[in-house]
$ cat my_file-v9.pdb   # PDB, C-alpha atoms and all ligand atoms
ATOM      1  CA  MET D 258       7.157 -50.166  71.045
ATOM      2  CA  LYS D 259       8.104 -52.314  68.081
ATOM      3  CA  ILE D 260       7.716 -50.101  65.019
ATOM      4  CA  PRO D 261       8.414 -51.939  61.740
ATOM      5  CA  LEU D 262      10.653 -50.537  59.007
ATOM      6  CA  LYS D 263       9.347 -48.672  55.975
ATOM      7  CA  ILE D 264      10.518 -47.700  52.481
ATOM      8  CA  LYS D 265      10.941 -44.030  51.650
ATOM      9  CA  LEU D 266       8.457 -43.091  48.947
ATOM     10  CA  ALA D 267       6.929 -39.774  50.032
ATOM     11  CA  ASN D 268       8.366 -36.266  49.954
ATOM     12  CA  LEU D 269       8.237 -35.481  53.637
ATOM     13  CA  PRO D 270       7.659 -33.360  55.585
ATOM     14  CA  THR D 271       4.764 -31.952  53.598
ATOM     15  CA  PRO D 272       4.301 -28.191  54.055
ATOM     16  CA  LEU D 273       2.084 -26.719  56.760
ATOM     17  CA  GLN D 274       0.763 -23.451  55.387
ATOM     18  CA  LYS D 275      -1.104 -20.518  56.867
ATOM     19  CA  ILE D 276      -3.495 -19.166  54.238
ATOM     20  CA  SER D 277      -6.815 -17.370  54.199
ATOM     21  CA  PHE D 278     -10.197 -17.969  52.631
ATOM     22  CA  ARG D 279     -13.134 -15.556  52.733
ATOM     23  CA  GLY D 280     -11.059 -13.369  55.029
ATOM     24  CA  ASN D 281     -10.385 -16.103  57.627
ATOM     25  CA  GLN D 282      -6.895 -17.411  58.238
ATOM     26  CA  PHE D 283      -6.347 -21.097  58.734
ATOM     27  CA  LEU D 284      -3.738 -23.842  58.819
ATOM     28  CA  ILE D 285      -3.612 -26.375  56.026
ATOM     29  CA  LYS D 286      -1.328 -29.405  56.000
ATOM     30  CA  ARG D 287      -0.491 -30.121  52.381
ATOM     31  CA  ASP D 288      -0.400 -33.904  52.159
ATOM     32  CA  ASP D 289      -1.499 -33.397  48.564
ATOM     33  CA  LEU D 290       2.156 -32.405  48.054
ATOM     34  CA  SER D 291       3.564 -35.701  49.342
ATOM     35  CA  GLY D 292       4.568 -36.557  45.797
ATOM     36  CA  SER D 293       3.649 -36.059  42.173
ATOM     37  CA  GLU D 294       2.367 -39.356  40.788
ATOM     38  CA  LEU D 295       2.323 -40.496  44.411
ATOM     39  CA  SER D 296       0.521 -37.442  45.776
ATOM     40  CA  GLY D 297      -1.928 -37.649  48.654
ATOM     41  CA  ASN D 298      -2.388 -39.496  51.906
ATOM     42  CA  LYS D 299      -1.998 -43.066  50.659
ATOM     43  CA  VAL D 300       1.738 -42.927  50.160
ATOM     44  CA  ARG D 301       2.346 -42.689  53.914
ATOM     45  CA  LYS D 302       0.591 -46.024  54.411
ATOM     46  CA  LEU D 303       2.245 -47.583  51.370
ATOM     47  CA  GLU D 304       5.701 -46.898  52.795
ATOM     48  CA  TYR D 305       4.980 -49.486  55.497
ATOM     49  CA  LEU D 306       2.867 -51.845  53.405
ATOM     50  CA  LEU D 307       5.256 -52.193  50.494
ATOM     51  CA  TYR D 308       8.192 -52.728  52.822
ATOM     52  CA  GLU D 309       6.292 -55.709  54.172
ATOM     53  CA  ALA D 310       5.331 -56.888  50.658
ATOM     54  CA  LYS D 311       8.995 -56.883  49.661
ATOM     55  CA  ARG D 312      10.031 -58.601  52.899
ATOM     56  CA  GLU D 313       7.478 -61.325  52.150
ATOM     57  CA  LYS D 314       8.951 -61.587  48.642
ATOM     58  CA  ALA D 315       5.640 -60.887  46.906
ATOM     59  CA  ASP D 316       5.462 -61.014  43.101
ATOM     60  CA  ILE D 317       2.229 -59.048  42.869
ATOM     61  CA  VAL D 318       0.157 -56.704  45.013
ATOM     62  CA  PHE D 319      -3.648 -56.824  45.103
ATOM     63  CA  THR D 320      -5.716 -53.877  46.188
ATOM     64  CA  CYS D 321      -9.165 -52.380  45.622
ATOM     65  CA  GLY D 322     -11.222 -49.200  45.459
ATOM     66  CA  GLY D 323     -13.633 -47.198  43.332
ATOM     67  CA  ASP D 324     -12.990 -46.881  39.594
ATOM     68  CA  GLN D 325     -11.421 -43.436  40.297
ATOM     69  CA  SER D 326      -9.469 -44.646  43.325
ATOM     70  CA  ASN D 327      -6.580 -42.456  44.494
ATOM     71  CA  HIS D 328      -5.405 -45.313  46.649
ATOM     72  CA  SER D 329      -5.274 -47.707  43.684
ATOM     73  CA  ARG D 330      -3.331 -45.186  41.614
ATOM     74  CA  ALA D 331      -0.844 -44.575  44.431
ATOM     75  CA  THR D 332      -0.435 -48.331  44.934
ATOM     76  CA  VAL D 333       0.256 -48.954  41.229
ATOM     77  CA  ILE D 334       2.871 -46.185  41.192
ATOM     78  CA  ALA D 335       4.502 -47.176  44.482
ATOM     79  CA  ALA D 336       4.549 -50.852  43.497
ATOM     80  CA  ALA D 337       6.210 -49.982  40.169
ATOM     81  CA  ASN D 338       8.740 -48.020  42.197
ATOM     82  CA  VAL D 339       9.798 -51.147  44.093
ATOM     83  CA  GLY D 340       9.490 -53.568  41.164
ATOM     84  CA  LEU D 341       6.095 -55.117  41.879
ATOM     85  CA  ARG D 342       3.083 -55.667  39.640
ATOM     86  CA  THR D 343      -0.435 -54.723  40.772
ATOM     87  CA  ARG D 344      -3.890 -56.166  40.264
ATOM     88  CA  LEU D 345      -6.787 -53.832  41.074
ATOM     89  CA  PHE D 346     -10.313 -54.892  42.039
ATOM     90  CA  LEU D 347     -12.411 -51.862  41.165
ATOM     91  CA  TRP D 348     -15.989 -50.886  41.875
ATOM     92  CA  GLY D 349     -17.417 -49.590  38.578
ATOM     93  CA  LYS D 350     -17.184 -50.153  34.854
ATOM     94  CA  PRO D 351     -14.238 -49.777  32.488
ATOM     95  CA  LYS D 352     -14.316 -46.488  30.562
ATOM     96  CA  LYS D 353     -13.782 -46.214  26.788
ATOM     97  CA  ILE D 354     -11.170 -43.542  27.394
ATOM     98  CA  PRO D 355      -9.741 -43.909  30.893
ATOM     99  CA  ASP D 356      -9.271 -40.640  32.750
ATOM    100  CA  GLY D 357      -7.762 -39.347  35.985
ATOM    101  CA  ASN D 358      -6.508 -42.053  38.342
ATOM    102  CA  ASN D 359      -7.977 -44.659  36.025
ATOM    103  CA  PHE D 360      -5.824 -43.371  33.178
ATOM    104  CA  ILE D 361      -2.712 -43.705  35.334
ATOM    105  CA  TYR D 362      -3.336 -47.301  36.296
ATOM    106  CA  ASN D 363      -4.127 -48.288  32.761
ATOM    107  CA  TYR D 364      -1.084 -46.415  31.507
ATOM    108  CA  LEU D 365       1.120 -48.332  33.927
ATOM    109  CA  GLY D 366      -0.364 -51.619  32.801
ATOM    110  CA  ALA D 367      -2.003 -52.612  36.064
ATOM    111  CA  GLU D 368      -4.295 -55.633  35.815
ATOM    112  CA  THR D 369      -7.871 -54.527  36.446
ATOM    113  CA  VAL D 370     -10.931 -56.508  37.538
ATOM    114  CA  TYR D 371     -14.202 -54.548  37.548
ATOM    115  CA  LEU D 372     -16.932 -55.417  40.043
ATOM    116  CA  ASN D 373     -20.451 -54.108  40.432
ATOM    117  CA  LYS D 374     -21.603 -52.569  43.711
ATOM    118  CA  GLN D 375     -23.020 -55.869  44.977
ATOM    119  CA  GLN D 376     -19.900 -57.870  44.088
ATOM    120  CA  TYR D 377     -17.669 -55.190  45.590
ATOM    121  CA  LYS D 378     -19.235 -55.832  49.004
ATOM    122  CA  ASP D 379     -17.294 -59.125  48.969
ATOM    123  CA  VAL D 380     -14.087 -57.638  47.606
ATOM    124  CA  ASN D 381     -11.945 -58.969  50.458
ATOM    125  CA  GLU D 382     -13.200 -62.524  49.933
ATOM    126  CA  ILE D 383     -12.624 -62.109  46.189
ATOM    127  CA  MET D 384      -9.053 -60.839  46.656
ATOM    128  CA  PHE D 385      -8.104 -63.477  49.225
ATOM    129  CA  GLY D 386      -9.752 -66.238  47.136
ATOM    130  CA  GLU D 387      -7.692 -65.193  44.124
ATOM    131  CA  LYS D 388      -4.571 -64.986  46.279
ATOM    132  CA  LEU D 389      -5.087 -68.622  47.347
ATOM    133  CA  ARG D 390      -5.563 -69.676  43.727
ATOM    134  CA  LEU D 391      -2.345 -67.966  42.594
ATOM    135  CA  GLU D 392      -0.399 -69.240  45.564
ATOM    136  CA  LYS D 393      -1.250 -72.803  44.563
ATOM    137  CA  LYS D 394       0.585 -71.975  41.318
ATOM    138  CA  GLY D 395       3.653 -70.842  43.255
ATOM    139  CA  LYS D 396       3.046 -67.053  43.140
ATOM    140  CA  ARG D 397       3.316 -64.799  46.170
ATOM    141  CA  VAL D 398       0.546 -62.248  46.556
ATOM    142  CA  TYR D 399       0.451 -59.348  49.009
ATOM    143  CA  VAL D 400      -3.086 -58.086  49.621
ATOM    144  CA  ILE D 401      -3.660 -54.463  50.646
ATOM    145  CA  PRO D 402      -7.235 -53.946  51.855
ATOM    146  CA  GLU D 403      -9.278 -50.855  50.979
ATOM    147  CA  GLY D 404      -7.418 -47.585  51.454
ATOM    148  CA  GLY D 405      -4.310 -49.336  52.762
ATOM    149  CA  SER D 406      -6.016 -49.182  56.118
ATOM    150  CA  THR D 407      -4.467 -51.955  58.135
ATOM    151  CA  THR D 408      -2.905 -51.554  61.550
ATOM    152  CA  LEU D 409       0.462 -51.561  59.767
ATOM    153  CA  GLY D 410      -0.497 -49.036  57.067
ATOM    154  CA  ILE D 411      -1.891 -46.498  59.486
ATOM    155  CA  LEU D 412       1.481 -46.221  61.224
ATOM    156  CA  GLY D 413       2.106 -43.746  58.400
ATOM    157  CA  TYR D 414      -0.382 -41.420  60.064
ATOM    158  CA  VAL D 415       1.013 -42.079  63.525
ATOM    159  CA  ASP D 416       4.290 -40.728  62.115
ATOM    160  CA  PHE D 417       2.361 -37.839  60.551
ATOM    161  CA  ILE D 418       1.537 -36.498  64.023
ATOM    162  CA  SER D 419       5.218 -36.382  65.052
ATOM    163  CA  GLU D 420       5.977 -34.633  61.761
ATOM    164  CA  LEU D 421       3.216 -32.078  62.341
ATOM    165  CA  ASN D 422       4.252 -31.571  65.958
ATOM    166  CA  ASN D 423       7.742 -30.658  64.754
ATOM    167  CA  GLN D 424       6.219 -28.023  62.482
ATOM    168  CA  PHE D 425       3.714 -26.567  64.937
ATOM    169  CA  ASP D 426       3.252 -26.877  68.677
ATOM    170  CA  LEU D 427       0.178 -29.129  68.778
ATOM    171  CA  THR D 428      -0.546 -28.238  72.409
ATOM    172  CA  LYS D 429      -1.855 -24.971  70.889
ATOM    173  CA  ILE D 430      -4.306 -26.785  68.601
ATOM    174  CA  ASN D 431      -7.856 -27.935  69.328
ATOM    175  CA  GLY D 432      -8.486 -30.211  66.393
ATOM    176  CA  ILE D 433      -7.381 -31.817  63.145
ATOM    177  CA  VAL D 434      -9.876 -32.263  60.302
ATOM    178  CA  CYS D 435      -9.629 -34.851  57.536
ATOM    179  CA  ALA D 436     -11.768 -36.777  55.078
ATOM    180  CA  ALA D 437     -12.537 -40.349  56.116
ATOM    181  CA  GLY D 438     -13.013 -43.069  53.506
ATOM    182  CA  SER D 439     -11.783 -46.324  54.985
ATOM    183  CA  GLY D 440     -10.946 -44.477  58.231
ATOM    184  CA  GLY D 441      -7.234 -45.305  58.273
ATOM    185  CA  THR D 442      -5.972 -41.741  58.088
ATOM    186  CA  ALA D 443      -8.161 -40.627  61.004
ATOM    187  CA  ALA D 444      -7.239 -43.793  62.937
ATOM    188  CA  GLY D 445      -3.496 -43.215  62.536
ATOM    189  CA  ILE D 446      -3.909 -39.600  63.625
ATOM    190  CA  LEU D 447      -5.930 -40.680  66.648
ATOM    191  CA  ALA D 448      -3.244 -43.173  67.667
ATOM    192  CA  GLY D 449      -0.517 -40.576  67.007
ATOM    193  CA  ILE D 450      -2.246 -38.042  69.207
ATOM    194  CA  SER D 451      -2.631 -40.567  72.004
ATOM    195  CA  LEU D 452       1.028 -41.543  71.715
ATOM    196  CA  LEU D 453       2.121 -37.926  72.231
ATOM    197  CA  ASN D 454      -0.538 -37.508  74.915
ATOM    198  CA  LEU D 455      -2.047 -34.509  73.145
ATOM    199  CA  ASN D 456      -5.414 -33.067  73.878
ATOM    200  CA  VAL D 457      -6.478 -32.713  70.254
ATOM    201  CA  LYS D 458      -9.751 -33.804  68.662
ATOM    202  CA  VAL D 459      -9.771 -35.710  65.374
ATOM    203  CA  TYR D 460     -12.659 -34.631  63.146
ATOM    204  CA  ALA D 461     -13.323 -37.308  60.534
ATOM    205  CA  VAL D 462     -15.616 -36.264  57.682
ATOM    206  CA  ASN D 463     -17.189 -39.521  56.500
ATOM    207  CA  VAL D 464     -17.669 -39.674  52.738
ATOM    208  CA  LEU D 465     -18.209 -43.401  52.188
ATOM    209  CA  TYR D 466     -19.565 -45.209  55.243
ATOM    210  CA  PRO D 467     -22.327 -44.154  57.643
ATOM    211  CA  GLU D 468     -21.325 -42.424  60.877
ATOM    212  CA  ASN D 469     -21.631 -45.470  63.178
ATOM    213  CA  VAL D 470     -19.702 -47.691  60.754
ATOM    214  CA  ILE D 471     -16.798 -45.288  60.237
ATOM    215  CA  ARG D 472     -16.593 -44.591  63.954
ATOM    216  CA  LYS D 473     -16.306 -48.292  64.735
ATOM    217  CA  LYS D 474     -13.795 -48.931  61.930
ATOM    218  CA  THR D 475     -11.616 -45.977  62.959
ATOM    219  CA  LEU D 476     -11.558 -46.883  66.655
ATOM    220  CA  GLN D 477     -10.867 -50.550  65.882
ATOM    221  CA  LEU D 478      -7.980 -49.656  63.597
ATOM    222  CA  ALA D 479      -6.454 -47.199  66.083
ATOM    223  CA  GLU D 480      -6.780 -49.653  68.976
ATOM    224  CA  GLY D 481      -5.498 -52.520  66.828
ATOM    225  CA  CYS D 482      -2.452 -50.484  65.836
ATOM    226  CA  ILE D 483      -1.650 -49.693  69.473
ATOM    227  CA  LEU D 484      -1.966 -53.369  70.358
ATOM    228  CA  ASP D 485      -0.063 -54.796  67.371
ATOM    229  CA  PHE D 486       2.897 -52.463  67.738
ATOM    230  CA  ASN D 487       2.887 -52.167  71.472
ATOM    231  CA  LEU D 488       2.458 -48.387  71.442
ATOM    232  CA  ASN D 489       2.587 -47.025  74.919
ATOM    233  CA  CYS D 490      -0.781 -45.249  75.007
ATOM    234  CA  LYS D 491      -4.546 -45.609  75.176
ATOM    235  CA  ILE D 492      -7.164 -44.148  72.842
ATOM    236  CA  LYS D 493      -9.626 -41.651  74.276
ATOM    237  CA  GLU D 494     -12.779 -42.409  72.288
ATOM    238  CA  GLU D 495     -14.129 -38.909  72.888
ATOM    239  CA  ASN D 496     -11.201 -37.513  70.861
ATOM    240  CA  LEU D 497     -12.764 -38.928  67.684
ATOM    241  CA  ILE D 498     -15.633 -36.863  66.313
ATOM    242  CA  VAL D 499     -17.329 -37.878  63.080
ATOM    243  CA  LEU D 500     -18.621 -34.859  61.152
ATOM    244  CA  SER D 501     -21.460 -36.483  59.271
ATOM    245  CA  GLY D 502     -23.820 -35.175  56.598
ATOM    246  CA  TYR D 503     -21.320 -33.865  54.074
ATOM    247  CA  SER D 504     -21.666 -36.679  51.548
ATOM    248  CA  THR D 505     -25.401 -37.335  51.625
ATOM    249  CA  GLU D 506     -25.452 -37.159  47.804
ATOM    250  CA  GLY D 507     -23.337 -40.357  47.766
ATOM    251  CA  TYR D 508     -19.647 -41.166  47.435
ATOM    252  CA  LYS D 509     -19.576 -40.897  43.641
ATOM    253  CA  LYS D 510     -21.606 -37.691  43.455
ATOM    254  CA  ILE D 511     -21.107 -34.093  44.511
ATOM    255  CA  ARG D 512     -23.680 -31.333  45.006
ATOM    256  CA  LEU D 513     -23.525 -28.076  43.112
ATOM    257  CA  LYS D 514     -23.076 -26.105  46.348
ATOM    258  CA  LYS D 515     -19.848 -27.976  47.066
ATOM    259  CA  LEU D 516     -18.633 -27.581  43.479
ATOM    260  CA  ASN D 517     -19.155 -23.837  43.889
ATOM    261  CA  LEU D 518     -17.205 -23.833  47.151
ATOM    262  CA  ILE D 519     -14.365 -25.828  45.529
ATOM    263  CA  LYS D 520     -14.246 -23.350  42.653
ATOM    264  CA  GLU D 521     -14.242 -20.306  44.918
ATOM    265  CA  PHE D 522     -11.499 -21.901  47.041
ATOM    266  CA  ALA D 523      -9.400 -22.638  43.945
ATOM    267  CA  LEU D 524      -9.799 -19.087  42.639
ATOM    268  CA  GLU D 525      -8.842 -17.555  45.975
ATOM    269  CA  THR D 526      -6.007 -19.887  47.022
ATOM    270  CA  GLY D 527      -4.812 -21.710  43.910
ATOM    271  CA  ILE D 528      -5.469 -25.013  45.690
ATOM    272  CA  ILE D 529      -7.693 -27.611  44.037
ATOM    273  CA  LEU D 530      -9.883 -29.924  46.100
ATOM    274  CA  ASP D 531     -11.191 -33.244  44.803
ATOM    275  CA  PRO D 532     -14.853 -34.253  44.430
ATOM    276  CA  ALA D 533     -14.856 -37.423  46.562
ATOM    277  CA  TYR D 534     -12.857 -36.517  49.679
ATOM    278  CA  THR D 535     -11.241 -33.132  50.212
ATOM    279  CA  GLY D 536     -14.068 -31.115  48.621
ATOM    280  CA  LYS D 537     -16.516 -32.672  51.064
ATOM    281  CA  ALA D 538     -14.145 -32.462  54.039
ATOM    282  CA  PHE D 539     -13.511 -28.811  53.276
ATOM    283  CA  ALA D 540     -17.264 -28.100  53.170
ATOM    284  CA  ALA D 541     -17.400 -29.484  56.727
ATOM    285  CA  TYR D 542     -14.319 -27.496  57.744
ATOM    286  CA  GLN D 543     -15.768 -24.269  56.315
ATOM    287  CA  GLU D 544     -19.070 -24.714  58.129
ATOM    288  CA  ASN D 545     -17.750 -25.873  61.498
ATOM    289  CA  PHE D 546     -14.473 -23.986  61.868
ATOM    290  CA  LEU D 547     -13.544 -21.442  59.212
ATOM    291  CA  ARG D 548     -16.867 -19.648  59.305
ATOM    292  CA  LYS D 549     -16.437 -19.364  63.076
ATOM    293  CA  ASN D 550     -12.893 -18.083  62.586
ATOM    294  CA  SER D 551     -11.257 -20.992  64.404
ATOM    295  CA  GLY D 552      -9.077 -22.079  61.490
ATOM    296  CA  LEU D 553      -5.841 -21.324  63.353
ATOM    297  CA  LYS D 554      -6.870 -23.704  66.142
ATOM    298  CA  ASN D 555      -8.062 -26.488  63.855
ATOM    299  CA  ILE D 556      -5.804 -27.812  61.108
ATOM    300  CA  PHE D 557      -7.301 -28.939  57.812
ATOM    301  CA  ILE D 558      -5.463 -31.768  56.038
ATOM    302  CA  HIS D 559      -5.497 -31.682  52.276
ATOM    303  CA  THR D 560      -5.223 -35.412  51.630
ATOM    304  CA  GLY D 561      -4.819 -35.123  47.837
ATOM    305  CA  GLY D 562      -7.027 -36.482  45.080
ATOM    306  CA  LEU D 563      -6.112 -34.074  42.272
ATOM    307  CA  MET D 564      -6.184 -36.813  39.639
ATOM    308  CA  GLY D 565      -9.765 -37.657  40.554
ATOM    309  CA  VAL D 566     -10.702 -34.154  39.366
ATOM    310  CA  PHE D 567      -9.847 -35.055  35.765
ATOM    311  CA  GLY D 568     -12.317 -37.907  35.846
ATOM    312  CA  ARG D 569     -15.012 -35.378  36.814
ATOM    313  CA  ARG D 570     -14.142 -32.522  34.492
ATOM    314  CA  ARG D 571     -17.710 -32.238  33.214
ATOM    315  CA  GLU D 572     -19.062 -31.351  36.689
ATOM    316  CA  TYR D 573     -16.113 -29.070  37.437
ATOM    317  CA  LEU D 574     -16.669 -27.209  34.173
ATOM    318  CA  SER D 575     -20.432 -27.003  34.649
ATOM    319  CA  ILE D 576     -20.151 -24.011  36.999
TER
HETATM  320  C1  LIG D 601      -7.838 -37.851  48.563
HETATM  321  C2  LIG D 601      -8.233 -38.733  49.682
HETATM  322  N1  LIG D 601      -8.491 -38.189  50.878
HETATM  323  C3  LIG D 601      -8.883 -38.933  51.926
HETATM  324  C4  LIG D 601      -9.045 -40.291  51.819
HETATM  325  C5  LIG D 601      -9.534 -41.061  52.995
HETATM  326  O1  LIG D 601      -8.521 -41.768  53.611
HETATM  327  P1  LIG D 601      -8.862 -43.056  54.460
HETATM  328  O2  LIG D 601      -9.264 -44.126  53.509
HETATM  329  O3  LIG D 601      -7.590 -43.349  55.152
HETATM  330  O4  LIG D 601      -9.972 -42.707  55.389
HETATM  331  C6  LIG D 601      -8.772 -40.922  50.605
HETATM  332  C7  LIG D 601      -8.962 -42.371  50.454
HETATM  333  O5  LIG D 601      -8.931 -42.937  49.397
HETATM  334  C8  LIG D 601      -8.353 -40.125  49.510
HETATM  335  O6  LIG D 601      -8.086 -40.670  48.312
END

$ encode --input "my_file-v9.pdb" --output "structure tokens"
Amino acid sequence: MKIPLKIKLANLPTPLQKISFRGNQFLIKRDDLSGSELSGNKVRKLEYLLYEAKREKADIVFTCGGDQSNHSRATVIAAANVGLRTRLFLWGKPKKIPDGNNFIYNYLGAETVYLNKQQYKDVNEIMFGEKLRLEKKGKRVYVIPEGGSTTLGILGYVDFISELNNQFDLTKINGIVCAAGSGGTAAGILAGISLLNLNVKVYAVNVLYPENVIRKKTLQLAEGCILDFNLNCKIKEENLIVLSGYSTEGYKKIRLKKLNLIKEFALETGIILDPAYTGKAFAAYQENFLRKNSGLKNIFIHTGGLMGVFGRRREYLSI
């Protein structure tokens, strides 16, 4: 194994809590508590990525996401933490009064480039094209692809499995459930499970890409990570299960039924789920595990996203 170094940015370990909802107990791993401004899953990936950016002596970091991107917000904060500027390539339109994550990146003075849905399909070409242009002027640019999901970034979620295994004997667990956007979190977990030779399923709730696409991306990332860092293990493809059908309304929308579930969950537990990721992942968790009272055998990861809630206050207040 040749694991690279990382910077310490996150408050780790995040708590593993046993709580109950609708009378059923379950285990929830609170990665939403990994930080304050830096809260959520992205900071684990950024610890590796920004170490590399600094090692490469970058002047500026490029990354991308939706206009309410948790990943972009975490990158802007983490980059500021290590003295780097950020340019964001965002899918959407600028708002008159920025809110939620968008408020934070504007507040911190990140450069923003807005792209429409069609343009955003080529966001990697756009970012790398701009990198080339700046490099001709003597600047050094470090590009972080969507969600920080590179084979390097997802090492953060390989480490997550060791952390979780120290908190709870994972041989007693059947599965781990998380939201899947770019697939990096699920991929890191899958690699982490293989590395510890655990018989645990990874349930990825796809909110952005179709089932076949996210499955391929996740497996490729996990296998790439094992190869790049010489991890002594092999992925079992059957350990990855995509729980599809929980974001059929679209990535930027959320159905009333899920808003009601989020509200009920908040009232009963004091924990707030976000509209794009954890609200949808929890709907899948409730239907497939909690309702069947198997929440103590299947851990739900709260991957963060609180700031995204502020950008959607109208929907949250509508119920
Ligand atoms: C709150 C939250 N949960 C889950 C995810 C999904 O993580 P990944 O992109 O690694 O699949 C994201 C990605 O942006 C996120 O912001």

$ resolve_selection --input "my_file-v9.pdb" --expression "the PyMOL selection byres (((chain D and resi 388) around 12) and not hetatm)" --output "list in words"
Ala315, Asp316, Ile317, Val318, Phe319, Thr320, Arg344, Asn381, Glu382, Ile383, Met384, Phe385, Gly386, Glu387, Leu389, Arg390, Leu391, Glu392, Lys393, Lys394, Gly395, Lys396, Arg397, Val398, Tyr399, Val400 and Ile401 of chain D

$ residues_around --input "my_file-v9.pdb" --residues "Gly565 in chain D" --least-positions-apart "3" --cutoff "9 Å" --atoms "only C-alpha atoms" --output "count of residues only"
13

$ resolve_selection --input "my_file-v9.pdb" --expression "the PyMOL selection byres (((not hetatm)) within 6 of (chain D and resi 601))" --output "ChimeraX atom specification"
/D:297,327-328,404,436-442,534-535,560-562

$ closest_residue --input "my_file-v9.pdb" --among "D:Tyr503, D:Cys321, D:Asn298, D:Asn422" --to "Leu372 in chain D" --atoms "only C-alpha atoms"
D:Cys321

$ resolve_selection --input "my_file-v9.pdb" --expression "the PyMOL selection byres (((chain D and resi 495-498) around 7) and not hetatm)" --output "list in words"
Val457, Lys458, Val459, Tyr460, Ala461, Lys493, Glu494, Val499 and Leu500 of chain D

$ write_last_selection --input "my_file-v9.pdb" --atoms "C-alpha atoms" --output "PDB file, in the coordinates of the input"
ATOM      1  CA  VAL D 457      -6.478 -32.713  70.254  1.00  0.00           C
ATOM      2  CA  LYS D 458      -9.751 -33.804  68.662  1.00  0.00           C
ATOM      3  CA  VAL D 459      -9.771 -35.710  65.374  1.00  0.00           C
ATOM      4  CA  TYR D 460     -12.659 -34.631  63.146  1.00  0.00           C
ATOM      5  CA  ALA D 461     -13.323 -37.308  60.534  1.00  0.00           C
ATOM      6  CA  LYS D 493      -9.626 -41.651  74.276  1.00  0.00           C
ATOM      7  CA  GLU D 494     -12.779 -42.409  72.288  1.00  0.00           C
ATOM      8  CA  VAL D 499     -17.329 -37.878  63.080  1.00  0.00           C
ATOM      9  CA  LEU D 500     -18.621 -34.859  61.152  1.00  0.00           C
TER      10      LEU D 500
END

$ closest_residue --input "my_file-v9.pdb" --among "D:Arg548, D:Lys514, D:His559, D:Lys429" --to "Pro272 in chain D" --atoms "all atoms listed in the file"
D:His559

$ closest_residue --input "my_file-v9.pdb" --among "D:Asn463, D:Ile529, D:Lys515, D:Thr408" --to "Leu478 in chain D" --atoms "all atoms listed in the file"
D:Thr408

$ closest_residue --input "my_file-v9.pdb" --among "D:Gly280, D:Val415, D:Gly322, D:Glu403" --to "Asn373 in chain D" --atoms "all atoms listed in the file"
D:Gly322

$ atom_distance --input "my_file-v9.pdb" --atom1 "CA of Ile276 in chain D" --atom2 "CA of Phe539 in chain D"
13.9 Å

$ atom_distance --input "my_file-v9.pdb" --atom1 "CA of Ile483 in chain D" --atom2 "CA of Leu452 in chain D"
8.9 Å

$ closest_residue --input "my_file-v9.pdb" --among "D:Ser504, D:Gln477, D:Ser451, D:Ser277" --to "Val464 in chain D" --atoms "all atoms listed in the file"
D:Ser504

$ build_atoms --input "my_file-v9.pdb" --residues "range 466-477 of chain D" --atoms "N, CA and C atoms" --output "JSON list (two decimals), in the frame of the given file"
[["chain", "number", "residue", "atom", "x", "y", "z"],
["D", 466, "TYR", "N", -18.79, -44.37, 54.33],
["D", 466, "TYR", "CA", -19.57, -45.21, 55.24],
["D", 466, "TYR", "C", -20.39, -44.35, 56.19],
["D", 467, "PRO", "N", -21.52, -44.90, 56.68],
["D", 467, "PRO", "CA", -22.33, -44.15, 57.64],
["D", 467, "PRO", "C", -21.54, -43.88, 58.94],
["D", 468, "GLU", "N", -22.03, -42.91, 59.68],
["D", 468, "GLU", "CA", -21.32, -42.42, 60.88],
["D", 468, "GLU", "C", -20.94, -43.55, 61.85],
["D", 469, "ASN", "N", -21.93, -44.42, 62.18],
["D", 469, "ASN", "CA", -21.63, -45.47, 63.18],
["D", 469, "ASN", "C", -20.59, -46.46, 62.66],
["D", 470, "VAL", "N", -20.64, -46.73, 61.34],
["D", 470, "VAL", "CA", -19.70, -47.69, 60.75],
["D", 470, "VAL", "C", -18.28, -47.11, 60.76],
["D", 471, "ILE", "N", -18.15, -45.87, 60.33],
["D", 471, "ILE", "CA", -16.80, -45.29, 60.24],
["D", 471, "ILE", "C", -16.22, -45.09, 61.64],
["D", 472, "ARG", "N", -17.07, -44.78, 62.58],
["D", 472, "ARG", "CA", -16.59, -44.59, 63.95],
["D", 472, "ARG", "C", -16.00, -45.90, 64.49],
["D", 473, "LYS", "N", -16.76, -46.98, 64.26],
["D", 473, "LYS", "CA", -16.31, -48.29, 64.74],
["D", 473, "LYS", "C", -15.01, -48.71, 64.03],
["D", 474, "LYS", "N", -14.98, -48.55, 62.70],
["D", 474, "LYS", "CA", -13.80, -48.93, 61.93],
["D", 474, "LYS", "C", -12.57, -48.16, 62.42],
["D", 475, "THR", "N", -12.74, -46.84, 62.59],
["D", 475, "THR", "CA", -11.62, -45.98, 62.96],
["D", 475, "THR", "C", -11.08, -46.35, 64.34],
["D", 476, "LEU", "N", -11.99, -46.54, 65.29],
["D", 476, "LEU", "CA", -11.56, -46.88, 66.66],
["D", 476, "LEU", "C", -10.88, -48.26, 66.67],
["D", 477, "GLN", "N", -11.46, -49.19, 65.92],
["D", 477, "GLN", "CA", -10.87, -50.55, 65.88],
["D", 477, "GLN", "C", -9.45, -50.52, 65.30]]
